[in-house]
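*Asks:* If it helps, the file is called upload23.cif and holds mmCIF, C-alpha atoms and all ligand atoms:
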data_model
#
loop_
_atom_site.label_atom_id
_atom_site.label_comp_id
_atom_site.auth_asym_id
_atom_site.auth_seq_id
_atom_site.Cartn_x
_atom_site.Cartn_y
_atom_site.Cartn_z
CA MET K 1193 -7.85 -6.66 -23.69
CA LYS K 1194 -6.90 -9.16 -21.00
CA LEU K 1195 -8.04 -8.87 -17.36
CA SER K 1196 -6.20 -10.50 -14.48
CA PHE K 1197 -8.03 -10.97 -11.18
CA VAL K 1198 -5.91 -11.41 -8.07
CA ILE K 1199 -7.83 -12.85 -5.11
CA PRO K 1200 -6.22 -13.58 -1.75
CA ALA K 1201 -8.22 -15.98 0.41
CA TYR K 1202 -7.72 -17.08 3.98
CA ASN K 1203 -10.41 -19.50 5.18
CA GLU K 1204 -13.07 -18.59 2.62
CA GLU K 1205 -14.24 -22.07 1.56
CA MET K 1206 -17.88 -21.04 1.00
CA THR K 1207 -17.42 -18.10 -1.34
CA ILE K 1208 -14.70 -19.12 -3.83
CA GLU K 1209 -17.05 -20.77 -6.29
CA PRO K 1210 -19.80 -18.12 -6.42
CA LEU K 1211 -17.14 -15.41 -6.63
CA VAL K 1212 -15.38 -17.00 -9.61
CA GLU K 1213 -18.72 -17.54 -11.38
CA GLY K 1214 -19.66 -13.90 -10.73
CA ILE K 1215 -16.33 -12.67 -12.12
CA ILE K 1216 -16.66 -14.77 -15.28
CA LYS K 1217 -20.24 -13.55 -15.81
CA HIS K 1218 -19.36 -9.87 -15.47
CA SER K 1219 -16.09 -9.93 -17.46
CA VAL K 1220 -17.61 -10.73 -20.85
CA PRO K 1221 -16.30 -10.04 -23.56
CA HIS K 1222 -12.74 -9.89 -22.17
CA ASP K 1223 -10.09 -12.54 -22.06
CA ILE K 1224 -9.55 -13.26 -18.34
CA GLN K 1225 -7.23 -14.92 -15.89
CA ILE K 1226 -8.26 -15.50 -12.24
CA ILE K 1227 -5.41 -16.01 -9.79
CA LEU K 1228 -6.59 -17.44 -6.48
CA ILE K 1229 -4.09 -17.37 -3.64
CA ASP K 1230 -4.75 -19.67 -0.71
CA ASP K 1231 -2.98 -17.86 2.12
CA GLY K 1232 -2.46 -20.93 4.34
CA SER K 1233 -6.15 -21.66 4.97
CA THR K 1234 -7.03 -24.29 7.56
CA ASP K 1235 -10.52 -24.99 6.17
CA LEU K 1236 -11.48 -26.37 2.74
CA THR K 1237 -10.57 -23.23 0.75
CA PHE K 1238 -7.92 -25.06 -1.27
CA GLN K 1239 -10.35 -27.88 -2.17
CA SER K 1240 -12.94 -25.26 -3.25
CA MET K 1241 -10.28 -23.69 -5.46
CA GLN K 1242 -9.41 -27.03 -7.06
CA LYS K 1243 -13.08 -27.73 -7.68
CA VAL K 1244 -13.59 -24.41 -9.42
CA GLN K 1245 -10.37 -24.77 -11.42
CA ALA K 1246 -11.55 -28.12 -12.77
CA LYS K 1247 -14.56 -26.28 -14.24
CA HIS K 1248 -12.87 -23.09 -15.39
CA PRO K 1249 -9.48 -23.21 -17.13
CA GLN K 1250 -8.99 -19.44 -16.62
CA VAL K 1251 -8.37 -20.15 -12.92
CA LYS K 1252 -4.85 -20.44 -11.57
CA ILE K 1253 -4.17 -21.47 -7.96
CA ILE K 1254 -1.26 -20.51 -5.74
CA LYS K 1255 -1.11 -22.14 -2.32
CA PHE K 1256 1.01 -20.79 0.53
CA ARG K 1257 2.55 -23.22 3.00
CA ARG K 1258 1.18 -21.16 5.88
CA ASN K 1259 -0.61 -17.86 6.46
CA PHE K 1260 1.71 -15.11 5.21
CA GLY K 1261 -0.84 -12.27 5.06
CA LYS K 1262 -2.81 -10.45 2.40
CA SER K 1263 0.07 -8.25 1.21
CA ARG K 1264 2.34 -11.20 0.41
CA ALA K 1265 -0.57 -12.97 -1.30
CA LEU K 1266 -1.35 -9.92 -3.44
CA SER K 1267 2.28 -9.37 -4.27
CA ILE K 1268 2.75 -12.95 -5.55
CA GLY K 1269 -0.56 -12.75 -7.41
CA PHE K 1270 0.45 -9.47 -9.10
CA HIS K 1271 3.78 -11.01 -10.09
CA GLU K 1272 2.00 -13.94 -11.74
CA SER K 1273 -0.56 -11.80 -13.56
CA ASP K 1274 -0.16 -10.95 -17.23
CA GLY K 1275 -3.33 -8.96 -18.00
CA ASP K 1276 -3.42 -5.39 -19.29
CA ILE K 1277 -5.70 -4.54 -16.36
CA VAL K 1278 -5.19 -6.17 -12.96
CA ILE K 1279 -8.12 -6.25 -10.54
CA MET K 1280 -7.76 -7.18 -6.88
CA MET K 1281 -10.83 -8.39 -5.00
CA ASP K 1282 -11.53 -9.89 -1.59
CA ALA K 1283 -12.59 -13.53 -1.64
CA ASP K 1284 -15.48 -13.16 0.82
CA LEU K 1285 -18.09 -11.88 -1.68
CA GLN K 1286 -18.40 -8.54 0.12
CA ASP K 1287 -17.27 -6.96 -3.16
CA ASP K 1288 -19.81 -7.28 -5.97
CA PRO K 1289 -18.46 -8.55 -9.34
CA LYS K 1290 -21.16 -6.53 -11.13
CA GLU K 1291 -18.94 -3.45 -10.59
CA ILE K 1292 -16.17 -4.87 -12.82
CA PRO K 1293 -17.39 -3.21 -16.07
CA HIS K 1294 -17.62 0.18 -14.28
CA MET K 1295 -14.02 -0.10 -13.15
CA ILE K 1296 -12.82 -1.03 -16.62
CA GLU K 1297 -14.71 1.95 -18.04
CA LYS K 1298 -12.70 4.28 -15.76
CA ILE K 1299 -9.38 2.72 -16.77
CA ARG K 1300 -10.41 3.15 -20.40
CA ALA K 1301 -11.18 6.79 -19.64
CA GLY K 1302 -7.49 7.24 -18.83
CA TYR K 1303 -7.09 6.49 -15.11
CA ASP K 1304 -4.30 4.22 -13.88
CA VAL K 1305 -5.93 3.17 -10.61
CA VAL K 1306 -9.64 2.85 -9.74
CA CYS K 1307 -10.65 2.28 -6.11
CA GLY K 1308 -14.01 0.75 -5.21
CA TRP K 1309 -15.49 3.08 -2.59
CA LYS K 1310 -17.81 1.22 -0.19
CA LYS K 1311 -20.10 4.23 0.11
CA ARG K 1312 -22.78 2.26 1.98
CA ARG K 1313 -20.69 -0.10 3.99
CA PHE K 1314 -21.96 -3.20 5.76
CA ASP K 1315 -19.39 -3.67 8.49
CA PRO K 1316 -19.61 -3.08 12.27
CA TRP K 1317 -19.14 0.52 13.53
CA HIS K 1318 -15.79 -0.29 15.17
CA LYS K 1319 -14.49 -0.87 11.64
CA THR K 1320 -16.33 1.87 9.77
CA PHE K 1321 -15.75 4.74 12.23
CA PRO K 1322 -11.94 4.45 12.54
CA SER K 1323 -11.84 3.90 8.78
CA ARG K 1324 -13.56 7.27 8.20
CA VAL K 1325 -11.05 9.05 10.44
CA TYR K 1326 -8.14 7.22 8.79
CA ASN K 1327 -9.32 8.18 5.30
CA ALA K 1328 -9.85 11.81 6.32
CA ILE K 1329 -6.27 11.98 7.65
CA ILE K 1330 -4.92 10.41 4.47
CA ARG K 1331 -6.83 12.90 2.28
CA LYS K 1332 -5.27 15.73 4.25
CA ILE K 1333 -1.70 14.42 4.21
CA PHE K 1334 -1.51 13.22 0.61
CA HIS K 1335 -4.02 15.59 -1.05
CA VAL K 1336 -5.95 12.75 -2.71
CA ASN K 1337 -9.71 12.71 -3.09
CA LEU K 1338 -10.30 9.14 -1.89
CA HIS K 1339 -12.83 7.96 0.68
CA ASP K 1340 -11.82 4.32 0.91
CA VAL K 1341 -8.07 3.97 0.53
CA ASN K 1342 -8.01 0.55 2.16
CA THR K 1343 -10.65 -1.00 -0.09
CA GLY K 1344 -9.89 -4.56 -1.20
CA PHE K 1345 -11.51 -3.89 -4.58
CA LYS K 1346 -9.26 -1.99 -6.98
CA ALA K 1347 -8.33 -2.02 -10.65
CA PHE K 1348 -4.91 -1.08 -12.00
CA ARG K 1349 -3.31 -0.57 -15.34
CA LYS K 1350 -0.53 -3.20 -15.32
CA GLU K 1351 2.28 -0.59 -15.27
CA VAL K 1352 1.15 0.46 -11.79
CA ILE K 1353 1.60 -2.88 -10.09
CA GLN K 1354 4.79 -3.59 -12.00
CA ASN K 1355 6.36 -0.50 -10.44
CA ILE K 1356 5.17 -0.54 -6.83
CA PRO K 1357 7.03 -2.68 -4.30
CA LEU K 1358 4.62 -4.27 -1.82
CA TYR K 1359 5.84 -5.55 1.54
CA GLY K 1360 4.54 -5.70 5.11
CA GLU K 1361 0.99 -4.37 5.02
CA MET K 1362 1.62 -1.86 2.25
CA HIS K 1363 -1.22 -3.28 0.14
CA ARG K 1364 -3.47 -0.89 2.05
CA LEU K 1365 -1.68 2.09 0.58
CA ILE K 1366 -1.18 1.03 -3.05
CA ALA K 1367 -3.43 3.86 -4.26
CA ILE K 1368 -1.40 6.42 -2.30
CA LEU K 1369 1.93 4.97 -3.43
CA ALA K 1370 0.64 5.12 -7.01
CA SER K 1371 -0.58 8.69 -6.65
CA GLU K 1372 2.78 9.74 -5.15
CA MET K 1373 4.49 8.20 -8.19
CA GLY K 1374 2.38 10.31 -10.51
CA PHE K 1375 -0.19 7.74 -11.62
CA LYS K 1376 -3.77 8.97 -12.07
CA VAL K 1377 -5.97 7.65 -9.27
CA THR K 1378 -9.76 7.82 -8.92
CA GLU K 1379 -12.66 6.08 -7.17
CA ILE K 1380 -16.17 4.90 -7.97
CA PRO K 1381 -18.90 4.06 -5.45
CA VAL K 1382 -19.44 0.29 -5.35
CA GLU K 1383 -22.11 -1.88 -3.80
CA HIS K 1384 -20.91 -3.64 -0.66
CA HIS K 1385 -22.44 -6.66 1.04
CA PRO K 1386 -22.33 -7.91 4.62
CA ARG K 1387 -20.08 -10.90 5.22
CA LYS K 1388 -22.32 -13.98 5.00
CA TYR K 1389 -19.73 -16.69 5.64
CA GLY K 1390 -16.54 -16.96 7.66
CA LYS K 1391 -14.99 -14.27 9.86
CA SER K 1392 -13.22 -10.98 9.28
CA LYS K 1393 -9.46 -11.42 9.66
CA TYR K 1394 -8.71 -7.93 10.84
CA GLY K 1395 -9.45 -6.06 14.06
CA PHE K 1396 -8.74 -2.62 15.44
CA SER K 1397 -4.96 -3.21 15.48
CA ARG K 1398 -4.86 -2.60 11.73
CA PHE K 1399 -5.42 1.12 12.34
CA PHE K 1400 -2.35 1.37 14.56
CA PHE K 1401 -0.14 -0.38 12.01
CA GLY K 1402 -1.93 1.52 9.27
CA ALA K 1403 -0.80 4.76 10.94
CA VAL K 1404 2.81 3.53 10.95
CA ASP K 1405 2.53 2.76 7.22
CA VAL K 1406 1.10 6.21 6.52
CA TYR K 1407 4.06 7.79 8.29
CA THR K 1408 6.47 5.56 6.35
CA VAL K 1409 4.93 6.38 2.98
CA TRP K 1410 4.86 10.09 3.86
CA PHE K 1411 8.56 9.93 4.77
CA LEU K 1412 9.55 7.90 1.70
CA SER K 1413 7.64 10.06 -0.74
CA ARG K 1414 8.84 13.36 0.71
CA HIS K 1415 12.35 12.56 1.85
CA SER K 1416 13.69 9.38 0.27
CA GLN K 1417 15.43 11.30 -2.53
CA SER K 1418 17.56 13.31 -0.11
CA PRO K 1419 17.22 11.75 3.34
CA SER K 1420 20.20 13.71 4.62
CA TYR K 1421 18.21 16.97 4.35
CA PHE K 1422 15.53 15.61 6.67
CA PHE K 1423 17.93 14.16 9.24
CA THR K 1424 20.49 16.96 9.16
CA LYS K 1425 17.83 19.62 9.76
CA ARG K 1426 16.54 17.81 12.85
CA GLY K 1427 20.04 16.84 14.01
CA LEU K 1428 21.23 20.45 13.81
CA MET K 1429 18.18 21.61 15.75
CA ALA K 1430 19.06 19.15 18.53
CA ILE K 1431 22.72 20.29 18.53
CA ILE K 1432 21.76 23.97 18.73
CA LEU K 1433 19.36 23.23 21.59
CA GLY K 1434 22.15 21.26 23.31
CA ILE K 1435 24.65 24.12 22.90
CA LEU K 1436 22.12 26.60 24.32
CA CYS K 1437 21.62 24.33 27.34
CA LEU K 1438 25.39 24.04 27.84
CA LEU K 1439 25.87 27.80 27.55
CA GLY K 1440 23.01 28.30 30.01
CA SER K 1441 24.62 25.96 32.48
CA LEU K 1442 28.07 27.65 32.16
CA LEU K 1443 26.48 31.05 32.65
CA GLY K 1444 24.61 29.65 35.65
CA PHE K 1445 27.86 28.33 37.23
CA TYR K 1446 29.47 31.70 36.70
CA LEU K 1447 26.66 33.88 38.08
CA ASP K 1448 25.05 31.69 40.70
CA SER K 1449 26.31 29.69 43.67
CA GLU K 1450 23.35 27.26 43.61
CA GLN K 1451 25.03 24.74 41.29
CA LEU K 1452 23.11 21.44 41.14
CA ARG K 1453 20.49 22.52 38.59
CA TYR K 1454 23.24 23.73 36.25
CA VAL K 1455 24.86 20.30 36.35
CA PHE K 1456 21.44 18.94 35.27
CA LEU K 1457 21.14 21.53 32.50
CA GLY K 1458 24.66 20.74 31.28
CA THR K 1459 23.85 17.02 31.16
CA VAL K 1460 20.67 17.64 29.17
CA GLY K 1461 22.67 19.84 26.75
CA SER K 1462 25.27 17.10 26.22
CA VAL K 1463 22.55 14.51 25.57
CA PHE K 1464 20.94 16.78 22.95
CA ILE K 1465 24.28 17.31 21.21
CA GLY K 1466 24.85 13.52 21.15
CA ILE K 1467 21.35 12.89 19.74
CA GLY K 1468 21.97 15.58 17.13
CA PHE K 1469 25.12 13.92 15.81
CA LEU K 1470 23.47 10.48 15.83
CA THR K 1471 20.54 11.88 13.81
CA ILE K 1472 22.86 13.40 11.23
CA GLY K 1473 24.73 10.08 11.04
CA THR K 1474 21.43 8.25 10.43
CA GLY K 1475 20.80 10.60 7.52
CA LEU K 1476 24.19 9.79 6.02
CA ILE K 1477 23.53 6.05 6.26
CA ALA K 1478 20.17 6.62 4.55
CA GLU K 1479 22.00 8.52 1.79
CA ILE K 1480 24.34 5.57 1.22
CA LEU K 1481 21.33 3.23 0.88
CA ARG K 1482 19.58 5.70 -1.40
CA ARG K 1483 22.60 5.80 -3.68
CA GLU K 1484 22.73 2.01 -3.85
CA PHE K 1485 19.09 1.83 -4.97
CA ALA K 1486 19.12 4.89 -7.21
CA ILE K 1487 19.82 3.01 -10.43
CA LYS K 1488 17.14 0.39 -9.76
CA GLN K 1489 14.32 2.77 -8.81
CA ASP K 1490 14.40 5.54 -11.32
CA PRO K 1491 13.15 3.79 -14.52
CA SER K 1492 9.80 3.27 -12.75
CA LEU K 1493 9.12 7.02 -12.93
CA ILE K 1494 9.16 7.16 -16.71
CA GLU K 1495 5.82 7.14 -18.52
CA PHE K 1496 7.14 7.26 -22.07
CA THR K 1497 10.43 7.51 -23.94
CA ALA K 1498 11.10 8.00 -27.62
CA PRO K 1499 12.55 6.56 -29.77
CA ILE K 1500 11.57 3.16 -28.33
CA LYS K 1501 14.36 0.62 -27.86
CA ASN K 1502 14.03 -2.86 -29.33
CA GLU K 1503 15.09 -6.14 -27.68
CA ASN K 1504 18.75 -5.78 -28.66
CA GLY K 1505 18.89 -2.49 -26.79
CA THR K 1506 19.35 -0.47 -29.97
CA ASN K 1507 17.00 2.24 -31.13
CA THR K 1508 14.25 1.20 -33.53
CA LYS K 1509 14.81 4.33 -35.60
CA SER K 1510 17.87 4.00 -37.78
CA LYS K 1511 20.53 6.65 -37.17
CA ASN K 1512 21.33 7.21 -40.85
N1 LIG Z 1 -6.94 -12.40 3.74
C1 LIG Z 1 -5.80 -13.11 3.37
N2 LIG Z 1 -4.84 -13.33 4.32
C2 LIG Z 1 -4.95 -12.86 5.59
C3 LIG Z 1 -6.09 -12.10 5.92
C4 LIG Z 1 -7.08 -11.89 4.97
O1 LIG Z 1 -5.68 -13.55 2.24
O2 LIG Z 1 -4.04 -13.10 6.41
C5 LIG Z 1 -7.99 -12.18 2.73
C6 LIG Z 1 -9.37 -12.60 3.16
O3 LIG Z 1 -9.59 -13.98 2.95
C7 LIG Z 1 -10.26 -11.73 2.29
C8 LIG Z 1 -9.46 -10.44 2.20
O4 LIG Z 1 -8.10 -10.78 2.53
O5 LIG Z 1 -10.38 -12.28 1.00
C9 LIG Z 1 -9.98 -9.36 3.15
O6 LIG Z 1 -10.05 -9.87 4.46
P1 LIG Z 1 -11.33 -9.61 5.39
O7 LIG Z 1 -12.58 -9.83 4.64
O8 LIG Z 1 -11.15 -10.43 6.64
O9 LIG Z 1 -11.18 -8.06 5.74
P2 LIG Z 1 -12.39 -7.03 6.00
O10 LIG Z 1 -13.32 -7.09 4.82
O11 LIG Z 1 -13.05 -7.52 7.25
O12 LIG Z 1 -11.73 -5.72 6.14
MG MG Z 2 -14.25 -8.70 4.03
#
Could I get this file's structure written as structure tokens?
Ligand code: UDP
Ligand code: MG
*Replies:*
Amino acid sequence: MKLSFVIPAYNEEMTIEPLVEGIIKHSVPHDIQIILIDDGSTDLTFQSMQKVQAKHPQVKIIKFRRNFGKSRALSIGFHESDGDIVIMMDADLQDDPKEIPHMIEKIRAGYDVVCGWKKRRFDPWHKTFPSRVYNAIIRKIFHVNLHDVNTGFKAFRKEVIQNIPLYGEMHRLIAILASEMGFKVTEIPVEHHPRKYGKSKYGFSRFFFGAVDVYTVWFLSRHSQSPSYFFTKRGLMAIILGILCLLGSLLGFYLDSEQLRYVFLGTVGSVFIGIGFLTIGTGLIAEILRREFAIKQDPSLIEFTAPIKNENGTNTKSKN
């Protein structure tokens, strides 16, 4: 069985070599491939990668022209990988390569995704506390039993990464995207180490953008099949509210001489009706897009088909 390691690195010159050695040591007896992605580092990360590649032919290097972010780096790395199991790890040695065999064991037991849960985490409180809240919210919304969704240490059966589109900062939610697509997701506690070299690249802002991604994934997984249902329901609610306001204002004009507030009520009603129609229109545009992508997306949902088709597109089983 072949393992592919995908490791994004941004200014991690000190840890590349020990990390690669650790991975090689703990991956015996498997055939391995280590894809290092230099995400536009301004230190000697690239030179460290070249040095380690000269020693170990399993290493492949991809260098970005500038810093494009961890998600882009992972996405390119996944695309280049050809292992049966793909393992993503941070380059800073906070993840311990000794956990690799435990992750593989879980995949062998039948799981599609294994997350490394940093149960005892060595990061400052302003990272760990919001992370706990974030994970609790995610468990509630998506009904998954995961404590460390954003962990940089995960193993996947190759079908998972072949079927999940990563963009923006979606790498944080791969496990959720996979679970929503019906893949089996689990976690194991892993040993975590404090960062010895270099600096963390992320601050508090990640939790704000993380919240936006959670909302997006929630919307896509619940409503992307029929977006019109979602938008039409809310649009109609706005229109009904608008009509009630208008009726209220007409009744007010009729019964009462004090007219200014009814003009206000009428205006509010008209605005609601306008918003309602715009919302329904948005839903229709989403439906058009959905239809365009329908053919491309749906094969990714299939786990198994029989009889299996061969390269010529004909069935392997003869019809006569
Ligand atoms: N990283 C990257 N590009 C970026 C930011 C980070 O490739 O723009 C890499 C970084 O080098 C590390 C991993 O992503 O290997 C996780 O980053 P970091 O350790 O800073 O995150 P933390 O552990 O503090 O959450
Ligand atoms: Mg780190």
*Asks:* Measuring between all atoms listed in the file, which one of K:Gln1239, K:Ser1392, K:Ser1371, K:Thr1320 shows the shortest distance to ligand MG 2 (chain Z)?
*Replies:* K:Ser1392
*Asks:* Enter the distance from CA of His1384 (chain K) to CA of Gln1242 (chain K), in Å, rounded to one decimal.
*Replies:* 26.8 Å
*Asks:* Within 9 Å of ligand LIG 1 (chain Z), which residues show up when you count only C-alpha atoms and all ligand atoms? List them as JSON, numbers by chain, please.
*Replies:* {"K": [1199, 1200, 1201, 1202, 1203, 1204, 1229, 1230, 1231, 1232, 1233, 1259, 1260, 1261, 1262, 1263, 1264, 1265, 1266, 1281, 1282, 1283, 1284, 1285, 1286, 1287, 1315, 1319, 1342, 1343, 1344, 1387, 1390, 1391, 1392, 1393, 1394, 1395]}
*Asks:* As lines of an AutoDock Vina configuration file, please report the centre and edge lengths, rounded to one decimal in Å, of the axis-aligned box that holds all listed atoms of region 1368-1377 of chain K with 3 Å of padding on each of the six sides.
*Replies:*
center_x = -0.7
center_y = 7.6
center_z = -7.2
size_x = 16.5
size_y = 11.3
size_z = 15.8
*Asks:* Using all atoms listed in the file, which of K:Pro1293, K:Glu1209, K:Gly1308, K:His1385 sits nearest ligand MG 2 (chain Z)?
*Replies:*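 Using all atoms listed in the file, the shortest distance to ligand MG 2 (chain Z) belongs to K:His1385.
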*Asks:* With 10 Å as the threshold, what does the neighbourhood of (21.9, 10.6, 11.4) contain in terms of residues, counting all atoms listed in the file? Coordinates are those of the file; answer as a list in words.
*Replies:*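 Neighbouring residues, ordered by chain and number, come to Pro1419, Ser1420, Phe1422, Phe1423, Thr1424, Arg1426, Gly1427, Ile1467, Gly1468, Phe1469, Leu1470, Thr1471, Ile1472, Gly1473, Thr1474, Gly1475, Leu1476, Ile1477, Ala1478 and Glu1479 of chain K.
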*Asks:* The residues within 12 Å of (0.5, -10.4, -17.2), using all atoms listed in the file and the coordinates of the file, should be reported as JSON, numbers by chain; which are they?
*Replies:* {"K": [1193, 1194, 1195, 1196, 1197, 1198, 1223, 1224, 1225, 1226, 1227, 1269, 1270, 1271, 1272, 1273, 1274, 1275, 1276, 1277, 1278, 1279, 1348, 1349, 1350, 1351, 1353, 1354]}
*Asks:* So what do you get for CA of Val1306 (chain K) versus CA of Phe1345 (chain K), distance-wise?
*Replies:*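 Separation between CA of Val1306 (chain K) and CA of Phe1345 (chain K): 8.7 Å.
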*Asks:* Write out as a list of chain:residue names which residues come within 12 Å of Phe1375 (chain K) when counting all atoms listed in the file, dropping same-chain ones fewer than 6 positions away.
*Replies:*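 Near Phe1375 (chain K), the qualifying residues are K:Ile1299, K:Gly1302, K:Tyr1303, K:Asp1304, K:Val1305, K:Val1306, K:Val1336, K:Phe1348, K:Arg1349, K:Lys1350, K:Glu1351, K:Val1352, K:Ile1353, K:Asn1355, K:Ile1356, K:Ile1366, K:Ala1367, K:Ile1368, K:Leu1369, K:Ser1492, K:Leu1493, K:Ile1494, K:Glu1495.
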*Asks:* So what do you get for CA of Trp1410 (chain K) versus CA of Val1377 (chain K), distance-wise?
*Replies:*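 Interatomic distance here is 17.2 Å.
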*Asks:* Taking all atoms listed in the file into account, name the residue in K:Arg1324, K:Lys1376, K:Lys1290, K:Arg1257 that is nearest to Lys1217 (chain K).
*Replies:*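 Checking each candidate against Lys1217 (chain K), we get K:Lys1290 as the closest.
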*Asks:* With all atoms listed in the file as the basis for distance, which of K:Met1362, K:Phe1485, K:Ile1216, K:Ala1430 is at the shortest distance from Gln1250 (chain K)?
*Replies:* K:Ile1216
*Asks:* List as a count of residues only the protein and nucleic acid residues near Glu1379 (chain K), meaning an atom at most 9 Å away when all atoms listed in the file are counted, but skip any in the same chain fewer than 4 places from it.
*Replies:* 12
*Asks:* Which is closest to ligand MG 2 (chain Z) among K:Phe1256, K:His1248, K:Lys1388, K:Ile1296, if we use all atoms listed in the file?
*Replies:*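 Once distances to ligand MG 2 (chain Z) are computed over all atoms listed in the file, the minimum belongs to K:Lys1388.
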